[in-house]
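S.K.: Structure file start33.cif, mmCIF, C-alpha atoms, is pasted below:
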```
data_start
loop_
_atom_site.label_atom_id
_atom_site.label_comp_id
_atom_site.auth_asym_id
_atom_site.auth_seq_id
_atom_site.Cartn_x
_atom_site.Cartn_y
_atom_site.Cartn_z
CA MET A 3 120.49 211.19 111.73
CA SER A 4 116.90 211.81 112.76
CA ILE A 5 114.97 209.68 115.22
CA ASP A 6 112.83 208.54 112.27
CA ARG A 7 115.73 206.54 110.85
CA LYS A 8 117.32 205.16 114.00
CA TRP A 9 116.18 201.71 115.07
CA LYS A 10 118.63 200.97 117.93
CA TYR A 11 117.82 202.28 121.41
CA GLU A 12 121.53 202.51 122.26
CA ASP A 13 122.15 204.90 119.34
CA LEU A 14 119.69 207.50 120.61
CA THR A 15 120.59 210.63 122.52
CA TRP A 16 118.48 211.51 125.55
CA PRO A 17 116.45 214.12 123.63
CA GLU A 18 115.83 211.45 120.99
CA VAL A 19 114.55 209.08 123.68
CA ASN A 20 111.99 211.74 124.55
CA GLU A 21 111.08 211.91 120.86
CA ALA A 22 110.82 208.11 120.65
CA VAL A 23 108.36 208.16 123.56
CA LYS A 24 106.41 210.96 121.88
CA GLN A 25 106.23 208.91 118.67
CA LYS A 26 105.01 205.92 120.73
CA LEU A 27 107.79 203.64 119.54
CA ILE A 28 107.69 200.14 121.03
CA PRO A 29 110.97 198.90 122.55
CA VAL A 30 111.72 195.28 121.63
CA LEU A 31 113.87 193.48 124.22
CA PRO A 32 115.48 190.19 123.09
CA VAL A 33 116.31 187.78 125.92
CA GLY A 34 118.33 184.59 125.66
CA THR A 35 121.00 182.79 127.61
CA MET A 36 124.34 181.04 127.27
CA GLU A 37 123.49 177.34 127.12
CA GLN A 38 124.91 174.18 125.61
CA HIS A 39 123.31 173.20 122.32
CA GLY A 40 124.97 169.89 121.61
CA PRO A 41 128.35 169.36 119.95
CA HIS A 42 127.32 171.14 116.73
CA LEU A 43 125.76 174.46 117.77
CA PRO A 44 127.33 177.43 119.65
CA ILE A 45 126.33 178.19 123.23
CA LYS A 46 125.05 181.61 122.16
CA MET A 47 122.10 180.05 120.27
CA ASP A 48 119.24 181.33 122.42
CA LYS A 49 120.59 184.85 122.65
CA TRP A 50 121.58 184.78 118.97
CA THR A 51 118.22 183.73 117.57
CA ALA A 52 116.12 186.12 119.67
CA THR A 53 118.51 188.98 118.94
CA GLU A 54 118.70 188.51 115.18
CA ILE A 55 114.94 188.15 114.79
CA ALA A 56 114.26 191.23 116.92
CA LYS A 57 116.99 193.17 115.12
CA GLU A 58 115.63 192.38 111.66
CA ALA A 59 112.08 193.31 112.63
CA CYS A 60 113.21 196.65 114.07
CA LYS A 61 115.37 197.40 111.01
CA LYS A 62 112.40 196.74 108.74
CA ASN A 63 109.93 198.80 110.78
CA PRO A 64 111.83 201.62 112.55
CA GLU A 65 108.70 203.78 112.52
CA ARG A 66 107.14 201.43 115.06
CA LEU A 67 109.82 199.25 116.75
CA LEU A 68 112.96 200.14 118.70
CA PHE A 69 115.66 197.49 119.17
CA MET A 70 116.92 197.14 122.75
CA PRO A 71 120.38 195.74 123.61
CA PRO A 72 119.87 192.00 124.24
CA VAL A 73 119.95 190.23 127.59
CA SER A 74 122.54 187.49 127.10
CA TYR A 75 122.06 185.46 130.29
CA GLY A 76 119.01 183.70 131.68
CA PHE A 77 117.69 180.87 133.83
CA THR A 78 119.29 177.59 132.76
CA THR A 79 120.17 175.76 135.98
CA HIS A 80 118.96 172.38 134.72
CA VAL A 81 121.61 172.34 131.96
CA MET A 82 124.63 173.10 134.15
CA ASP A 83 125.95 169.53 133.90
CA PHE A 84 127.11 170.52 130.40
CA PRO A 85 130.14 172.87 130.25
CA GLY A 86 129.52 176.34 128.87
CA SER A 87 126.04 176.94 130.23
CA VAL A 88 125.70 180.07 132.37
CA THR A 89 122.73 180.43 134.69
CA ILE A 90 121.27 183.29 136.70
CA ASN A 91 119.33 182.79 139.93
CA TYR A 92 115.66 183.07 139.03
CA ASN A 93 114.95 185.83 141.57
CA THR A 94 117.93 187.81 140.32
CA PHE A 95 116.81 187.26 136.73
CA ILE A 96 113.24 188.38 137.43
CA ASP A 97 114.47 191.49 139.24
CA TYR A 98 116.97 192.30 136.48
CA ILE A 99 114.40 192.03 133.69
CA SER A 100 111.88 193.96 135.79
CA ASP A 101 114.36 196.78 136.31
CA ILE A 102 115.03 197.05 132.57
CA LEU A 103 111.31 197.18 131.83
CA LYS A 104 110.59 199.58 134.66
CA SER A 105 113.36 201.91 133.48
CA LEU A 106 111.67 202.08 130.09
CA THR A 107 108.24 202.71 131.60
CA TYR A 108 109.76 205.39 133.86
CA HIS A 109 110.99 207.23 130.77
CA GLY A 110 107.49 207.11 129.33
CA PHE A 111 107.30 204.08 127.03
CA GLU A 112 103.76 202.74 127.21
CA LYS A 113 104.17 199.43 125.35
CA ILE A 114 107.11 197.01 125.31
CA ILE A 115 107.69 193.68 123.55
CA VAL A 116 109.92 191.00 125.09
CA ILE A 117 111.19 188.38 122.62
CA ASN A 118 112.53 185.21 124.21
CA GLY A 119 114.92 182.65 122.74
CA HIS A 120 115.22 180.18 125.65
CA GLY A 121 112.36 177.93 126.77
CA SER A 122 113.15 177.96 130.48
CA ASN A 123 113.16 181.76 130.52
CA MET A 124 109.43 181.90 129.82
CA ILE A 125 108.13 181.44 133.37
CA PRO A 126 110.49 183.96 135.06
CA LEU A 127 109.99 186.37 132.14
CA GLU A 128 106.23 186.19 132.57
CA LEU A 129 106.63 186.89 136.29
CA ALA A 130 108.84 189.90 135.49
CA CYS A 131 106.25 191.20 133.03
CA ARG A 132 103.45 190.67 135.55
CA LYS A 133 105.47 192.60 138.12
CA ILE A 134 105.58 195.59 135.77
CA ASN A 135 101.85 195.21 135.20
CA LEU A 136 101.38 195.64 138.95
CA GLU A 137 103.81 198.52 139.32
CA SER A 138 103.06 200.65 136.26
CA THR A 139 100.39 201.51 133.71
CA ALA A 140 102.49 200.15 130.82
CA ASN A 141 101.50 197.14 128.73
CA ILE A 142 104.13 194.44 128.26
CA SER A 143 103.82 191.62 125.73
CA LEU A 144 105.96 188.47 125.79
CA ALA A 145 106.59 185.99 122.99
CA SER A 146 109.13 183.36 121.99
CA TRP A 147 110.54 183.39 118.46
CA TRP A 148 109.10 179.90 117.82
CA GLY A 149 105.72 180.97 119.14
CA LEU A 150 105.66 183.66 116.47
CA THR A 151 105.88 180.96 113.79
CA ALA A 152 102.66 179.35 115.05
CA VAL A 153 100.34 182.17 113.98
CA ASP A 154 99.74 180.47 110.63
CA LYS A 155 98.51 176.98 111.55
CA GLU A 156 99.64 175.63 108.18
CA PHE A 157 103.19 176.96 108.40
CA MET A 158 104.74 174.01 110.24
CA SER A 159 103.66 171.57 107.54
CA LYS A 160 105.60 173.61 104.98
CA TRP A 161 108.99 172.88 106.54
CA ARG A 162 108.89 170.28 109.32
CA GLU A 163 109.99 166.71 108.62
CA SER A 164 110.99 165.62 112.13
CA LYS A 165 108.89 163.65 114.59
CA PHE A 166 106.28 165.51 116.61
CA PRO A 167 106.67 165.76 119.46
CA GLY A 168 110.40 165.69 120.03
CA GLY A 169 112.14 166.33 116.73
CA CYS A 170 112.48 170.01 117.58
CA ALA A 171 112.84 169.82 121.36
CA HIS A 172 116.37 171.25 121.70
CA SER A 173 119.14 171.70 119.11
CA GLY A 174 116.98 169.73 116.72
CA GLU A 175 115.62 170.36 113.25
CA ALA A 176 114.34 173.90 113.91
CA GLU A 177 117.19 175.44 115.90
CA THR A 178 119.85 173.85 113.71
CA SER A 179 118.10 175.09 110.57
CA LEU A 180 117.87 178.60 111.98
CA ALA A 181 121.56 178.52 112.92
CA LEU A 182 122.51 177.38 109.41
CA HIS A 183 120.61 180.35 108.01
CA LEU A 184 122.24 182.83 110.39
CA ASN A 185 125.83 181.64 109.88
CA GLU A 186 126.50 178.18 108.49
CA ASN A 187 130.25 178.62 109.07
CA LEU A 188 129.67 178.36 112.83
CA ILE A 189 127.74 175.10 112.62
CA GLN A 190 129.56 171.77 112.89
CA MET A 191 127.13 169.48 111.12
CA ASP A 192 129.69 166.67 111.06
CA LYS A 193 129.22 166.45 114.85
CA ALA A 194 125.42 166.57 114.81
CA VAL A 195 123.48 163.43 115.73
CA ASN A 196 119.81 162.66 116.17
CA GLU A 197 118.92 161.87 119.77
CA GLU A 198 115.49 161.41 121.26
CA TYR A 199 115.02 163.18 124.58
CA GLY A 200 114.65 160.76 127.48
CA MET A 201 111.17 161.76 128.58
CA ASN A 202 109.88 161.47 124.99
CA LYS A 203 111.00 157.83 124.83
CA HIS A 204 108.14 156.88 127.17
CA GLU A 205 105.63 157.84 124.44
CA SER A 206 103.41 159.09 127.24
CA ASN A 207 100.23 161.07 126.65
CA PHE A 208 101.08 163.05 129.77
CA GLU A 209 104.78 163.87 129.59
CA TRP A 210 106.45 165.03 126.38
CA VAL A 211 108.31 168.08 125.14
CA ASP A 212 108.88 169.96 121.90
CA LEU A 213 109.49 173.62 121.06
CA TRP A 214 105.90 173.75 119.81
CA GLY A 215 104.22 172.26 122.83
CA GLN A 216 104.51 169.99 125.84
CA GLY A 217 102.44 167.42 127.65
CA PRO A 218 99.94 168.27 130.40
CA VAL A 219 102.36 166.95 133.04
CA SER A 220 105.73 168.62 133.63
CA MET A 221 108.52 166.51 135.10
CA ILE A 222 111.23 168.69 136.61
CA SER A 223 114.52 167.05 135.71
CA TRP A 224 118.12 167.63 134.69
CA THR A 225 118.94 167.78 131.00
CA SER A 226 121.75 165.28 131.59
CA GLU A 227 119.17 162.71 132.76
CA ASN A 228 117.58 162.81 129.33
CA THR A 229 120.37 163.24 126.78
CA GLU A 230 124.00 162.20 126.41
CA THR A 231 124.90 164.78 123.76
CA GLY A 232 122.81 167.75 124.86
CA ILE A 233 120.67 167.27 121.75
CA ALA A 234 116.95 166.54 121.93
CA GLY A 235 115.65 166.11 118.43
CA GLU A 236 116.65 165.56 114.82
CA PRO A 237 119.26 168.09 113.69
CA LEU A 238 120.22 165.89 110.73
CA LEU A 239 116.97 167.00 109.06
CA ALA A 240 117.99 170.66 109.29
CA THR A 241 118.60 172.78 106.20
CA LYS A 242 119.55 176.38 105.57
CA ASP A 243 116.35 176.89 103.55
CA LYS A 244 114.18 175.75 106.47
CA GLY A 245 116.08 178.18 108.68
CA LYS A 246 115.30 181.07 106.35
CA MET A 247 111.63 180.11 106.39
CA LEU A 248 111.58 180.09 110.20
CA PHE A 249 113.50 183.36 110.41
CA ASP A 250 111.31 185.17 107.88
CA GLU A 251 108.10 183.93 109.51
CA SER A 252 109.21 185.05 112.97
CA VAL A 253 110.31 188.46 111.72
CA SER A 254 107.14 188.99 109.69
CA ASN A 255 104.86 188.12 112.59
CA LEU A 256 106.85 190.24 115.05
CA ILE A 257 106.33 193.21 112.73
CA LYS A 258 102.62 192.39 112.39
CA TRP A 259 102.24 192.06 116.15
CA GLY A 260 104.02 195.40 116.62
CA GLU A 261 101.43 197.06 114.38
CA GLU A 262 98.52 195.36 116.14
CA PHE A 263 99.96 196.09 119.59
CA HIS A 264 100.43 199.76 118.66
CA LYS A 265 96.76 200.10 117.67
CA ARG A 266 95.39 198.09 120.59
CA LYS A 267 93.34 200.04 123.12
CA PHE A 268 93.44 198.64 126.65
CA ASN A 269 90.70 198.91 129.24
CA LYS A 270 91.61 200.60 132.49
CA ARG A 271 91.91 198.52 135.62
CA LYS A 272 88.85 198.65 137.89
CA ASP A 273 88.95 198.22 141.65
CA HIS A 274 85.72 196.54 142.80
CA HIS A 275 86.32 196.85 146.55
CA THR A 276 83.54 198.60 148.46
CA SER A 277 85.99 199.67 151.15
CA LYS A 278 89.50 201.00 150.72
CA PRO A 279 92.21 198.29 151.10
CA LYS A 280 94.02 198.61 154.43
CA SER A 281 97.46 197.64 153.08
CA ASP A 282 99.55 197.52 149.95
CA MET A 283 98.88 194.62 147.61
CA PRO A 284 101.20 191.66 148.27
CA GLY A 285 103.63 190.63 145.56
#
```
Would you put the structure from the file into structure tokens?

M.R.:
Amino acid sequence: MSIDRKWKYEDLTWPEVNEAVKQKLIPVLPVGTMEQHGPHLPIKMDKWTATEIAKEACKKNPERLLFMPPVSYGFTTHVMDFPGSVTINYNTFIDYISDILKSLTYHGFEKIIVINGHGSNMIPLELACRKINLESTANISLASWWGLTAVDKEFMSKWRESKFPGGCAHSGEAETSLALHLNENLIQMDKAVNEEYGMNKHESNFEWVDLWGQGPVSMISWTSENTETGIAGEPLLATKDKGKMLFDESVSNLIKWGEEFHKRKFNKRKDHHTSKPKSDMPG
């Protein structure tokens, strides 16, 4: 099989990796975690969603995108009161992601896309990507699967019925719909309940949370302080059809971003010091 038809990084031989670099393929790294998602969804949700969306995009556009093996564990300390969640120290996580990205840049890949499936991964993932920006000439882009559905400002109105904010905070209408689309046999809808997340009950203009946004003030808290079931939202409004809409929109926009990213020309960094720095840059 030629490199032109392979879309999985792990299926390449080392000469084919050289060819992938030559063809300027863009590795797509899905990152999730193992985290409780209420009594109705599997703990693999965040890894599952990011992986399947990245996989489908790479399958559909192998001339541009290259699917990387997913990262299954992330930063989820705040959810550890619920059995099943697995967390990685944030420094370890940042270093681990950085090493994956730096390995790819070392082999010659100039552009990489990181697709995230877990909200609390975003800050350490951004730090990992910024670290590579400091240490290489590669360009790294980072997006969440739900962020990819926000490109079309009218899209949400086509599927969402739950309260905003809050109806899609965690294991709610969106994630449950997506899970039903991916494999409805794994989903225990008879155990799903609607539960409003604790901080959203205040109806504050400052502190609120949803997959598609959050208030200007962040309260650092434990998930168990805010929910009895591990649910934050309205999963009872979920449908398989909504899940397909979310999946297709994420995949379509990931492919579109891959094309735009490929064509994008980046300005070179400019050092404006008038004297040579006397030490390495901190960080």

S.K.: Quick one: residues within 8 Å of Ile45 of chain A, all atoms listed in the file counted, chain neighbours fewer than 2 positions away excluded, as a list of chain:residue names?

M.R.: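 Counting all atoms listed in the file, the residues come to A:Met36, A:Glu37, A:Gln38, A:His39, A:Leu43, A:Met47, A:Asp48, A:Gly86, A:Ser87.
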
S.K.: For the residues in that selection, give me C-alpha atoms as a CSV table (one decimal), in the coordinates of the input.

M.R.:
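File produced: result22.csv:
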```csv
chain,number,residue,atom,x,y,z
A,36,MET,CA,124.3,181.0,127.3
A,37,GLU,CA,123.5,177.3,127.1
A,38,GLN,CA,124.9,174.2,125.6
A,39,HIS,CA,123.3,173.2,122.3
A,43,LEU,CA,125.8,174.5,117.8
A,47,MET,CA,122.1,180.0,120.3
A,48,ASP,CA,119.2,181.3,122.4
A,86,GLY,CA,129.5,176.3,128.9
A,87,SER,CA,126.0,176.9,130.2
```

S.K.: With distances taken over all atoms listed in the file, which residue among A:Lys193, A:Lys267, A:Lys165, A:Lys278 lies nearest Val211 of chain A?

M.R.: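 Of A:Lys193, A:Lys267, A:Lys165, A:Lys278, the one nearest Val211 of chain A, counting all atoms listed in the file, is A:Lys165.
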
S.K.: One decimal, in Å: what's the spacing between atom CA of Asp83 of chain A and atom CA of Trp224 of chain A?

M.R.: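 Value for the atom CA of Asp83 of chain A-atom CA of Trp224 of chain A distance: 8.1 Å.
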
S.K.: Determine the residue set returned by the PyMOL selection byres ((chain A and resi 174) around 8) for the present structure, and present it as a VMD selection string.

M.R.: chain A and resid 169 to 173 175 to 178 196 233 to 238 240

S.K.: List as a PyMOL selection string the protein and nucleic acid residues near Ile55 of chain A, meaning an atom at most 12 Å away when all atoms listed in the file are counted, but skip any in the same chain fewer than 3 places from it.

M.R.: chain A and resi 30-34+48-52+58-62+69+72+116-119+145-148+150-151+180-181+183-184+245-246+248-257

S.K.: Contacts of Gln25 of chain A at 12 Å or less, counting all atoms listed in the file, minus same-chain residues fewer than 5 places along, as a ChimeraX atom specification?

M.R.: /A:5-6,18-20,64-68,110-113,264

S.K.: Find, counting only C-alpha atoms, the residue in A:Phe77, A:Tyr92, A:Tyr98, A:Trp259 that gets nearest to Ser122 of chain A.

M.R.: A:Phe77

S.K.: If you measure from atom CA of Glu163 of chain A to atom CA of Glu230 of chain A, what distance in Å do you get, rounded to one decimal?

M.R.: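 Taking atom CA of Glu163 of chain A as the start and atom CA of Glu230 of chain A as the end point, the length is 23.1 Å.
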
S.K.: Near Glu227 of chain A, counting only C-alpha atoms, which residues have an atom at most 10 Å away, once you skip same-chain residues fewer than 5 positions from it, shown as a PyMOL selection string?

M.R.: chain A and resi 80-81+83+199-201

S.K.: Looking at all atoms listed in the file, which of A:Pro29, A:Gly215, A:Gly76, A:Pro167 is the one that sits closest to Ala152 of chain A?

M.R.: A:Gly215

S.K.: What would the selection look like, as a count of residues only, if the PyMOL selection byres ((chain A and resi 10) around 8) were run on the coordinates I just shared?

M.R.: 11

S.K.: I want to know what sits within 8 Å of Pro41 of chain A, based on all atoms listed in the file, with residues of the same chain fewer than 4 positions away left out; could you give that as a list of chain:residue names?

M.R.: A:Gln190, A:Lys193, A:Ala194, A:Thr231, A:Gly232

S.K.: For the file shown, report as a PDB file with C-alpha atoms, keeping the file's coordinate frame the outcome of the PyMOL selection byres ((chain A and resi 104) around 12) at residue level.

M.R.:
```pdb
ATOM      1  CA  ILE A  96     113.240 188.380 137.430  1.00  0.00           C
ATOM      2  CA  ASP A  97     114.470 191.490 139.240  1.00  0.00           C
ATOM      3  CA  TYR A  98     116.970 192.300 136.480  1.00  0.00           C
ATOM      4  CA  ILE A  99     114.400 192.030 133.690  1.00  0.00           C
ATOM      5  CA  SER A 100     111.880 193.960 135.790  1.00  0.00           C
ATOM      6  CA  ASP A 101     114.360 196.780 136.310  1.00  0.00           C
ATOM      7  CA  ILE A 102     115.030 197.050 132.570  1.00  0.00           C
ATOM      8  CA  LEU A 103     111.310 197.180 131.830  1.00  0.00           C
ATOM      9  CA  SER A 105     113.360 201.910 133.480  1.00  0.00           C
ATOM     10  CA  LEU A 106     111.670 202.080 130.090  1.00  0.00           C
ATOM     11  CA  THR A 107     108.240 202.710 131.600  1.00  0.00           C
ATOM     12  CA  TYR A 108     109.760 205.390 133.860  1.00  0.00           C
ATOM     13  CA  HIS A 109     110.990 207.230 130.770  1.00  0.00           C
ATOM     14  CA  GLY A 110     107.490 207.110 129.330  1.00  0.00           C
ATOM     15  CA  PHE A 111     107.300 204.080 127.030  1.00  0.00           C
ATOM     16  CA  GLU A 112     103.760 202.740 127.210  1.00  0.00           C
ATOM     17  CA  LYS A 113     104.170 199.430 125.350  1.00  0.00           C
ATOM     18  CA  ILE A 114     107.110 197.010 125.310  1.00  0.00           C
ATOM     19  CA  ALA A 130     108.840 189.900 135.490  1.00  0.00           C
ATOM     20  CA  CYS A 131     106.250 191.200 133.030  1.00  0.00           C
ATOM     21  CA  ARG A 132     103.450 190.670 135.550  1.00  0.00           C
ATOM     22  CA  LYS A 133     105.470 192.600 138.120  1.00  0.00           C
ATOM     23  CA  ILE A 134     105.580 195.590 135.770  1.00  0.00           C
ATOM     24  CA  ASN A 135     101.850 195.210 135.200  1.00  0.00           C
ATOM     25  CA  LEU A 136     101.380 195.640 138.950  1.00  0.00           C
ATOM     26  CA  GLU A 137     103.810 198.520 139.320  1.00  0.00           C
ATOM     27  CA  SER A 138     103.060 200.650 136.260  1.00  0.00           C
ATOM     28  CA  THR A 139     100.390 201.510 133.710  1.00  0.00           C
ATOM     29  CA  ALA A 140     102.490 200.150 130.820  1.00  0.00           C
ATOM     30  CA  ASN A 141     101.500 197.140 128.730  1.00  0.00           C
ATOM     31  CA  ILE A 142     104.130 194.440 128.260  1.00  0.00           C
TER      32      ILE A 142
END
```

S.K.: What does the distance from atom CA of Phe84 of chain A to atom CA of Ser223 of chain A come to in Å, to one decimal?

M.R.: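 About the pair atom CA of Phe84 of chain A and atom CA of Ser223 of chain A: they are 14.1 Å apart.
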